[in-house]
$ cat model15.cif   # mmCIF, C-alpha atoms and all ligand atoms
data_work
loop_
_atom_site.group_PDB
_atom_site.id
_atom_site.type_symbol
_atom_site.label_atom_id
_atom_site.label_comp_id
_atom_site.auth_asym_id
_atom_site.auth_seq_id
_atom_site.Cartn_x
_atom_site.Cartn_y
_atom_site.Cartn_z
ATOM 1 C CA MET T 352 54.923 41.632 59.758
ATOM 2 C CA ALA T 353 53.978 40.056 56.425
ATOM 3 C CA SER T 354 52.022 36.900 57.164
ATOM 4 C CA SER T 355 54.343 34.911 54.875
ATOM 5 C CA LEU T 356 57.196 35.647 57.324
ATOM 6 C CA LYS T 357 55.284 35.205 60.568
ATOM 7 C CA ASN T 358 55.932 32.166 62.729
ATOM 8 C CA LEU T 359 52.432 31.075 63.699
ATOM 9 C CA SER T 360 53.645 29.433 66.914
ATOM 10 C CA LYS T 361 55.432 32.517 68.280
ATOM 11 C CA TYR T 362 53.750 34.381 71.147
ATOM 12 C CA ASP T 363 54.435 35.741 74.596
ATOM 13 C CA PRO T 364 53.191 33.089 77.094
ATOM 14 C CA GLU T 365 52.846 35.822 79.745
ATOM 15 C CA THR T 366 49.887 37.234 77.826
ATOM 16 C CA VAL T 367 47.972 33.945 77.777
ATOM 17 C CA PRO T 368 45.393 33.295 80.536
ATOM 18 C CA ASP T 369 45.344 30.071 82.558
ATOM 19 C CA ALA T 370 43.243 27.523 80.653
ATOM 20 C CA SER T 371 42.832 25.033 83.502
ATOM 21 C CA GLY T 372 39.084 25.631 83.861
ATOM 22 C CA MET T 373 38.360 25.813 80.151
ATOM 23 C CA LYS T 374 36.486 23.263 78.008
ATOM 24 C CA ILE T 375 37.377 23.483 74.319
ATOM 25 C CA GLY T 376 35.955 21.719 71.259
ATOM 26 C CA ILE T 377 38.136 21.063 68.206
ATOM 27 C CA VAL T 378 36.474 20.216 64.886
ATOM 28 C CA VAL T 379 38.929 18.762 62.357
ATOM 29 C CA SER T 380 38.455 18.333 58.620
ATOM 30 C CA GLU T 381 39.600 14.992 57.190
ATOM 31 C CA TRP T 382 40.557 16.517 53.819
ATOM 32 C CA ASN T 383 44.347 17.005 53.582
ATOM 33 C CA GLU T 384 44.627 14.892 56.707
ATOM 34 C CA GLU T 385 48.418 14.998 56.930
ATOM 35 C CA VAL T 386 48.121 18.744 57.444
ATOM 36 C CA THR T 387 44.961 18.885 59.573
ATOM 37 C CA ALA T 388 46.178 16.142 61.937
ATOM 38 C CA ALA T 389 49.353 18.176 62.559
ATOM 39 C CA LEU T 390 47.289 21.334 63.129
ATOM 40 C CA ALA T 391 45.019 19.500 65.590
ATOM 41 C CA GLU T 392 48.025 18.064 67.423
ATOM 42 C CA GLY T 393 49.495 21.557 67.729
ATOM 43 C CA ALA T 394 46.210 22.901 69.083
ATOM 44 C CA VAL T 395 45.844 20.119 71.670
ATOM 45 C CA ASN T 396 49.470 20.513 72.825
ATOM 46 C CA SER T 397 49.107 24.278 73.190
ATOM 47 C CA LEU T 398 45.846 23.950 75.151
ATOM 48 C CA LYS T 399 47.490 21.436 77.495
ATOM 49 C CA LYS T 400 50.614 23.585 77.835
ATOM 50 C CA HIS T 401 48.406 26.343 79.234
ATOM 51 C CA GLY T 402 46.625 24.089 81.725
ATOM 52 C CA CYS T 403 43.629 22.685 79.840
ATOM 53 C CA ASN T 404 42.846 19.139 81.031
ATOM 54 C CA ASP T 405 42.726 16.250 78.553
ATOM 55 C CA GLU T 406 39.110 15.466 79.424
ATOM 56 C CA ASN T 407 38.132 19.068 78.666
ATOM 57 C CA ILE T 408 39.374 18.860 75.081
ATOM 58 C CA ILE T 409 36.772 17.324 72.771
ATOM 59 C CA VAL T 410 37.833 16.488 69.225
ATOM 60 C CA MET T 411 35.341 15.795 66.422
ATOM 61 C CA PRO T 412 36.237 14.918 62.795
ATOM 62 C CA VAL T 413 34.199 16.127 59.812
ATOM 63 C CA PRO T 414 34.683 15.062 56.162
ATOM 64 C CA GLY T 415 35.871 18.393 54.696
ATOM 65 C CA SER T 416 36.322 22.069 55.485
ATOM 66 C CA PHE T 417 32.896 22.848 54.085
ATOM 67 C CA GLU T 418 31.452 20.759 56.937
ATOM 68 C CA LEU T 419 33.330 22.719 59.648
ATOM 69 C CA THR T 420 30.433 25.129 60.151
ATOM 70 C CA PHE T 421 27.835 22.464 60.853
ATOM 71 C CA GLY T 422 30.339 20.403 62.865
ATOM 72 C CA SER T 423 31.211 23.427 65.001
ATOM 73 C CA ARG T 424 27.557 24.120 65.674
ATOM 74 C CA LEU T 425 26.948 20.476 66.542
ATOM 75 C CA ILE T 426 29.839 20.242 69.004
ATOM 76 C CA ALA T 427 28.798 23.521 70.662
ATOM 77 C CA GLU T 428 25.239 22.266 71.135
ATOM 78 C CA LYS T 429 26.293 18.825 72.403
ATOM 79 C CA HIS T 430 28.818 19.986 75.002
ATOM 80 C CA ALA T 431 28.980 22.943 77.372
ATOM 81 C CA LEU T 432 32.056 24.465 75.735
ATOM 82 C CA ASP T 433 33.939 27.699 76.334
ATOM 83 C CA ALA T 434 35.202 27.854 72.727
ATOM 84 C CA VAL T 435 35.349 25.910 69.481
ATOM 85 C CA ILE T 436 38.369 25.688 67.171
ATOM 86 C CA ALA T 437 37.611 24.809 63.541
ATOM 87 C CA ILE T 438 40.593 23.212 61.824
ATOM 88 C CA GLY T 439 40.884 22.658 58.086
ATOM 89 C CA CYS T 440 43.156 22.998 55.096
ATOM 90 C CA VAL T 441 41.938 24.098 51.687
ATOM 91 C CA ILE T 442 44.489 23.819 48.892
ATOM 92 C CA GLN T 443 43.981 25.648 45.622
ATOM 93 C CA GLY T 444 43.150 23.317 42.752
ATOM 94 C CA GLU T 445 42.384 23.863 39.106
ATOM 95 C CA THR T 446 38.749 24.761 39.632
ATOM 96 C CA ARG T 447 36.936 27.482 41.574
ATOM 97 C CA HIS T 448 36.012 24.951 44.302
ATOM 98 C CA PHE T 449 38.737 26.511 46.475
ATOM 99 C CA GLU T 450 37.082 29.941 46.504
ATOM 100 C CA PHE T 451 33.641 28.545 47.294
ATOM 101 C CA ILE T 452 34.877 26.397 50.185
ATOM 102 C CA CYS T 453 37.038 29.179 51.686
ATOM 103 C CA GLN T 454 34.247 31.723 51.457
ATOM 104 C CA ALA T 455 31.643 29.326 52.812
ATOM 105 C CA VAL T 456 33.658 28.288 55.858
ATOM 106 C CA ALA T 457 34.802 31.843 56.661
ATOM 107 C CA HIS T 458 31.227 33.046 56.387
ATOM 108 C CA GLY T 459 29.902 30.073 58.375
ATOM 109 C CA ILE T 460 32.330 30.550 61.258
ATOM 110 C CA THR T 461 31.580 34.282 61.336
ATOM 111 C CA GLU T 462 27.841 33.540 61.572
ATOM 112 C CA LEU T 463 28.431 31.155 64.479
ATOM 113 C CA ASN T 464 30.368 33.874 66.315
ATOM 114 C CA MET T 465 27.368 36.143 65.975
ATOM 115 C CA GLU T 466 24.776 33.526 66.849
ATOM 116 C CA TYR T 467 26.352 31.848 69.894
ATOM 117 C CA ASP T 468 27.780 33.247 73.100
ATOM 118 C CA ILE T 469 31.155 31.495 72.761
ATOM 119 C CA PRO T 470 34.053 32.196 70.392
ATOM 120 C CA PHE T 471 34.537 30.063 67.266
ATOM 121 C CA ILE T 472 38.134 30.220 66.047
ATOM 122 C CA PHE T 473 39.136 30.055 62.363
ATOM 123 C CA GLY T 474 41.972 27.529 62.230
ATOM 124 C CA VAL T 475 41.783 26.977 58.490
ATOM 125 C CA LEU T 476 44.798 27.115 56.185
ATOM 126 C CA THR T 477 44.042 28.358 52.669
ATOM 127 C CA THR T 478 47.134 27.799 50.548
ATOM 128 C CA GLU T 479 48.261 27.568 46.938
ATOM 129 C CA ASN T 480 49.927 24.191 47.408
ATOM 130 C CA GLN T 481 50.624 21.423 49.897
ATOM 131 C CA GLN T 482 54.139 22.647 50.740
ATOM 132 C CA GLN T 483 52.785 26.023 51.907
ATOM 133 C CA ALA T 484 50.317 24.126 54.099
ATOM 134 C CA LEU T 485 53.004 21.834 55.575
ATOM 135 C CA ASP T 486 55.170 24.908 56.271
ATOM 136 C CA ARG T 487 52.331 26.179 58.493
ATOM 137 C CA ALA T 488 51.470 22.852 60.135
ATOM 138 C CA GLY T 489 54.616 22.371 62.189
ATOM 139 C CA GLY T 490 57.082 23.420 59.460
ATOM 140 C CA LYS T 491 59.186 26.524 58.918
ATOM 141 C CA HIS T 492 56.323 28.937 59.664
ATOM 142 C CA GLY T 493 55.289 27.175 62.870
ATOM 143 C CA ASN T 494 51.866 25.667 63.430
ATOM 144 C CA LYS T 495 48.555 27.443 62.868
ATOM 145 C CA GLY T 496 47.027 24.948 65.325
ATOM 146 C CA ASP T 497 49.116 26.556 68.095
ATOM 147 C CA GLU T 498 47.935 29.992 67.014
ATOM 148 C CA ALA T 499 44.283 28.877 66.963
ATOM 149 C CA ALA T 500 44.545 27.367 70.470
ATOM 150 C CA ILE T 501 46.170 30.489 71.933
ATOM 151 C CA THR T 502 43.509 32.625 70.260
ATOM 152 C CA ALA T 503 40.777 30.446 71.786
ATOM 153 C CA ILE T 504 42.269 30.747 75.285
ATOM 154 C CA LYS T 505 42.650 34.514 74.932
ATOM 155 C CA MET T 506 39.073 34.937 73.728
ATOM 156 C CA VAL T 507 37.687 32.861 76.608
ATOM 157 C CA GLY T 508 39.839 34.946 78.981
ATOM 158 C CA LEU T 509 38.453 38.120 77.417
ATOM 159 C CA LYS T 510 34.893 36.961 77.945
ATOM 160 C CA ARG T 511 35.548 36.061 81.558
HETATM 161 C C1 LIG L 601 35.785 18.835 47.386
HETATM 162 C C2 LIG L 601 36.928 19.417 48.125
HETATM 163 C C3 LIG L 601 38.059 19.908 47.438
HETATM 164 C C4 LIG L 601 38.162 19.906 45.954
HETATM 165 N N1 LIG L 601 39.115 20.403 48.095
HETATM 166 C C5 LIG L 601 39.087 20.441 49.455
HETATM 167 C C6 LIG L 601 40.193 20.958 50.171
HETATM 168 O O1 LIG L 601 41.239 21.346 49.634
HETATM 169 N N2 LIG L 601 40.086 20.997 51.540
HETATM 170 C C7 LIG L 601 38.978 20.566 52.207
HETATM 171 O O2 LIG L 601 38.952 20.659 53.440
HETATM 172 N N3 LIG L 601 37.933 20.061 51.538
HETATM 173 C C8 LIG L 601 37.949 19.969 50.199
HETATM 174 N N4 LIG L 601 36.896 19.454 49.512
HETATM 175 C C9 LIG L 601 35.763 18.865 50.292
HETATM 176 C C10 LIG L 601 34.721 19.885 50.756
HETATM 177 O O3 LIG L 601 35.187 20.636 51.873
HETATM 178 C C11 LIG L 601 33.422 19.146 51.184
HETATM 179 O O4 LIG L 601 33.736 18.139 52.103
HETATM 180 C C12 LIG L 601 32.680 18.542 50.007
HETATM 181 O O5 LIG L 601 32.425 19.519 49.022
HETATM 182 C C13 LIG L 601 31.334 17.921 50.466
HETATM 183 O O6 LIG L 601 30.485 18.921 51.025
#
$ encode --input "model15.cif" --output "structure tokens"
Amino acid sequence: MASSLKNLSKYDPETVPDASGMKIGIVVSEWNEEVTAALAEGAVNSLKKHGCNDENIIVMPVPGSFELTFGSRLIAEKHALDAVIAIGCVIQGETRHFEFICQAVAHGITELNMEYDIPFIFGVLTTENQQQALDRAGGKHGNKGDEAAITAIKMVGLKR
């Protein structure tokens, strides 16, 4: 299915492992906060829906998406986590800043996946405008925060 048509919150709950013993870190960018707060809320709700306890969900803000890599590393080193979800929203502007930030965070999260023994999940929206982002943060295309949380649970289940 074309990603523009996919509902990011749609999945078969039967395929998701029990998350009751899992400890998950969520790093959230403060840029485009209206969007990232909704993504983080979706992620927390989905983790809880699958059994993750409140006290096993650790949320840490960082200033922007560029800082998600360092923030993710920090949270992984500070807490004994099973997975980290990096949440951000980069919206295309008039300059090439967009490309640099998207590439840097994608590369950074990939490096963390290779360096550490836990999964780091890419919960970053990269859109042309704010409406596209809102559509994917609890709007008509669902919530990428839900998708990121389910991916985290599945990856921890895979490892176990
Ligand atoms: C500077 C900047 C710009 C222009 N746009 C975004 C954005 O759309 N989304 C986002 O998460 N962060 C943005 N930033 C901030 C950078 O991620 C970073 O925080 C700064 O460049 C400082 O390192």
$ atom_distance --input "model15.cif" --atom1 "atom CA of T:Ile504" --atom2 "atom CA of T:Phe473"
13.3 Å
$ closest_residue --input "model15.cif" --among "T:Ser416, T:Thr446, T:Ser397, T:Thr366" --to "ligand LIG 601 (chain L)" --atoms "only C-alpha atoms and all ligand atoms"
T:Ser416
$ resolve_selection --input "model15.cif" --expression "the PyMOL selection byres (((not hetatm)) within 10 of (chain L and resi 601))" --output "NGL selection string"
:T and (379-384 or 387 or 413-419 or 438-453 or 455-456 or 475-481)
$ write_last_selection --input "model15.cif" --atoms "C-alpha atoms" --output "tab-separated table (two decimals), keeping the file's coordinate frame"
chain	number	residue	atom	x	y	z
T	379	VAL	CA	38.93	18.76	62.36
T	380	SER	CA	38.46	18.33	58.62
T	381	GLU	CA	39.60	14.99	57.19
T	382	TRP	CA	40.56	16.52	53.82
T	383	ASN	CA	44.35	17.00	53.58
T	384	GLU	CA	44.63	14.89	56.71
T	387	THR	CA	44.96	18.89	59.57
T	413	VAL	CA	34.20	16.13	59.81
T	414	PRO	CA	34.68	15.06	56.16
T	415	GLY	CA	35.87	18.39	54.70
T	416	SER	CA	36.32	22.07	55.48
T	417	PHE	CA	32.90	22.85	54.08
T	418	GLU	CA	31.45	20.76	56.94
T	419	LEU	CA	33.33	22.72	59.65
T	438	ILE	CA	40.59	23.21	61.82
T	439	GLY	CA	40.88	22.66	58.09
T	440	CYS	CA	43.16	23.00	55.10
T	441	VAL	CA	41.94	24.10	51.69
T	442	ILE	CA	44.49	23.82	48.89
T	443	GLN	CA	43.98	25.65	45.62
T	444	GLY	CA	43.15	23.32	42.75
T	445	GLU	CA	42.38	23.86	39.11
T	446	THR	CA	38.75	24.76	39.63
T	447	ARG	CA	36.94	27.48	41.57
T	448	HIS	CA	36.01	24.95	44.30
T	449	PHE	CA	38.74	26.51	46.48
T	450	GLU	CA	37.08	29.94	46.50
T	451	PHE	CA	33.64	28.54	47.29
T	452	ILE	CA	34.88	26.40	50.18
T	453	CYS	CA	37.04	29.18	51.69
T	455	ALA	CA	31.64	29.33	52.81
T	456	VAL	CA	33.66	28.29	55.86
T	475	VAL	CA	41.78	26.98	58.49
T	476	LEU	CA	44.80	27.12	56.18
T	477	THR	CA	44.04	28.36	52.67
T	478	THR	CA	47.13	27.80	50.55
T	479	GLU	CA	48.26	27.57	46.94
T	480	ASN	CA	49.93	24.19	47.41
T	481	GLN	CA	50.62	21.42	49.90
$ closest_residue --input "model15.cif" --among "T:Ala370, T:Leu425, T:Ala500, T:Val507" --to "T:Gly474" --atoms "all atoms listed in the file"
T:Ala500
$ closest_residue --input "model15.cif" --among "T:His430, T:Lys510, T:His492, T:Lys400" --to "T:Gly376" --atoms "only C-alpha atoms"
T:His430
$ residues_around --input "model15.cif" --residues "stretch 356-365 of chain T" --least-positions-apart "5" --cutoff "7 Å" --atoms "all atoms listed in the file" --output "list in words"
His492, Gly493, Asn494, Lys495, Asp497 and Glu498 of chain T
$ residues_around --input "model15.cif" --residues "T:Leu398" --least-positions-apart "5" --cutoff "10 Å" --atoms "only C-alpha atoms" --output "PyMOL selection string"
chain T and resi 369-371+373-375+392-393+403-405+407-408+496-497+499-501+503-504
$ atom_distance --input "model15.cif" --atom1 "atom CA of T:Lys399" --atom2 "atom CA of T:Glu428"
23.2 Å
$ atom_distance --input "model15.cif" --atom1 "atom CA of T:Gln454" --atom2 "atom CA of T:Arg424"
17.5 Å
